[in-house]
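J.: My structure is below; once you've seen it, I'll send some questions.
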Amino acid sequence: MKKTLTEDKIQLKELIDQVSILGDQKDFNNQVQLFTENALSETRAEGKVIMELKGRGVMAKAFAEFLKDVETVYHFNGQSVFTIKGDEATGTCYCLITLISNQKDKKIRTTIGAVYNDHYVLHDHQWLIDKRIGDFLWQEKCEIHSSEL
């Protein structure tokens, strides 16, 4: 039975939410299974590429290294739009990322406003991310105190 456009859009939204949830749990080995085998992940800040990763293994190691000193990772996905053409799709997803870490005995909260531009492919009836370009548009760092937690 053929899926409807609405069903595909729901699956794509669930895909990006699951990627975020697994990232929050630091379950990078399962997170990268939501990408194609040779997927490209590119992160930009201030218009410059700061990280470019190709392939699940490379991505899992880099994500773990990047977040190794972060105690709490929290992605809040906002609006998203998808365009589907057969077994391929594109999407734009807005995300508010919060990272809490210890730096010199102080708790630091980093908040990042990100926009992800994705290319998806349908593989064995499952949508996967084939290319993700993350633009970190702004970032704010501040010390937090136990009364704020």
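Labels for the structure tokens follow display order: chains A, B, ..., residues from 1 in each chain, ligands from 1.
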Please return as number ranges by chain: the residues of stretch 4-146 of chain A that backbone DSSP assigns to strand (DSSP E or B).

T.: A: 35-45, 48-54, 70-85, 88-103, 106-123, 126-144

J.: Give me every alpha helix (DSSP H) residue in stretch 7-144 of chain A, going by DSSP on the backbone, as JSON, numbers by chain.

T.: {"A": [7, 8, 9, 10, 11, 12, 13, 14, 15, 16, 17, 18, 19, 20, 21, 22, 23, 24, 28, 29, 30, 31, 56, 57, 58, 59, 60, 61, 62, 63, 64, 65, 66]}

J.: Which polymer residues have any atom within 8 Å of an atom of A:Trp138, counting only C-alpha atoms, with same-chain residues fewer than 6 positions away left out, as a PyMOL selection string?

T.: chain A and resi 45+112-114

J.: Kindly indicate which residue among A:Gly91, A:Gly86, A:Gly78, A:Gly134 lies nearest to A:Val49, using only C-alpha atoms for the distances.

T.: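 Of the candidates, the smallest distance to A:Val49 is held by A:Gly134.
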
J.: Within 9 Å of stretch 50-56 of chain A, counting only C-alpha atoms, which residues qualify if same-chain residues fewer than 3 places away don't, as a ChimeraX atom specification?

T.: /A:29,32-33,35-45,59-62

J.: Separation of atom CA of A:Leu5 and atom CA of A:Phe82, in Å?

T.: 10.1 Å

J.: How many Å lie between atom CA of A:His123 and atom CA of A:Asp87, rounded to one decimal?

T.: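 For atom CA of A:His123 relative to atom CA of A:Asp87, the distance reads 8.0 Å.
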
J.: Tell me, as a list in words, which residues lie within 8 Å of A:Asn117, counting only C-alpha atoms; anything in the same chain fewer than 5 positions away does not count.

T.: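 After dropping sequence-adjacent residues, the list is Thr90, Gly91, Thr92, Cys93, Arg132, Ile133 and Gly134 of chain A.
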
J.: Mind writing the picked residues with C-alpha atoms as an mmCIF file, in the first residue's frame?

T.:
```cif
data_model
loop_
_atom_site.group_PDB
_atom_site.id
_atom_site.type_symbol
_atom_site.label_atom_id
_atom_site.label_comp_id
_atom_site.auth_asym_id
_atom_site.auth_seq_id
_atom_site.Cartn_x
_atom_site.Cartn_y
_atom_site.Cartn_z
ATOM 1 C CA THR A 90 14.519 18.045 1.497
ATOM 2 C CA GLY A 91 13.735 19.773 4.734
ATOM 3 C CA THR A 92 14.492 22.822 6.821
ATOM 4 C CA CYS A 93 14.307 22.405 10.590
ATOM 5 C CA ARG A 132 22.708 17.622 6.887
ATOM 6 C CA ILE A 133 23.982 21.173 6.869
ATOM 7 C CA GLY A 134 23.644 22.768 10.278
#
```

J.: May I ask for the distance between atom CA of A:Asp24 and atom CA of A:Glu143, given in Å to one decimal place?

T.: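 Interatomic distance here is 20.6 Å.
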
J.: Pick out the closest residue to A:Gln11 from this set: A:Lys26, A:Leu34, A:Ala64, A:Val58. Count only C-alpha atoms.

T.: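 Closest residue, counting only C-alpha atoms: A:Leu34.
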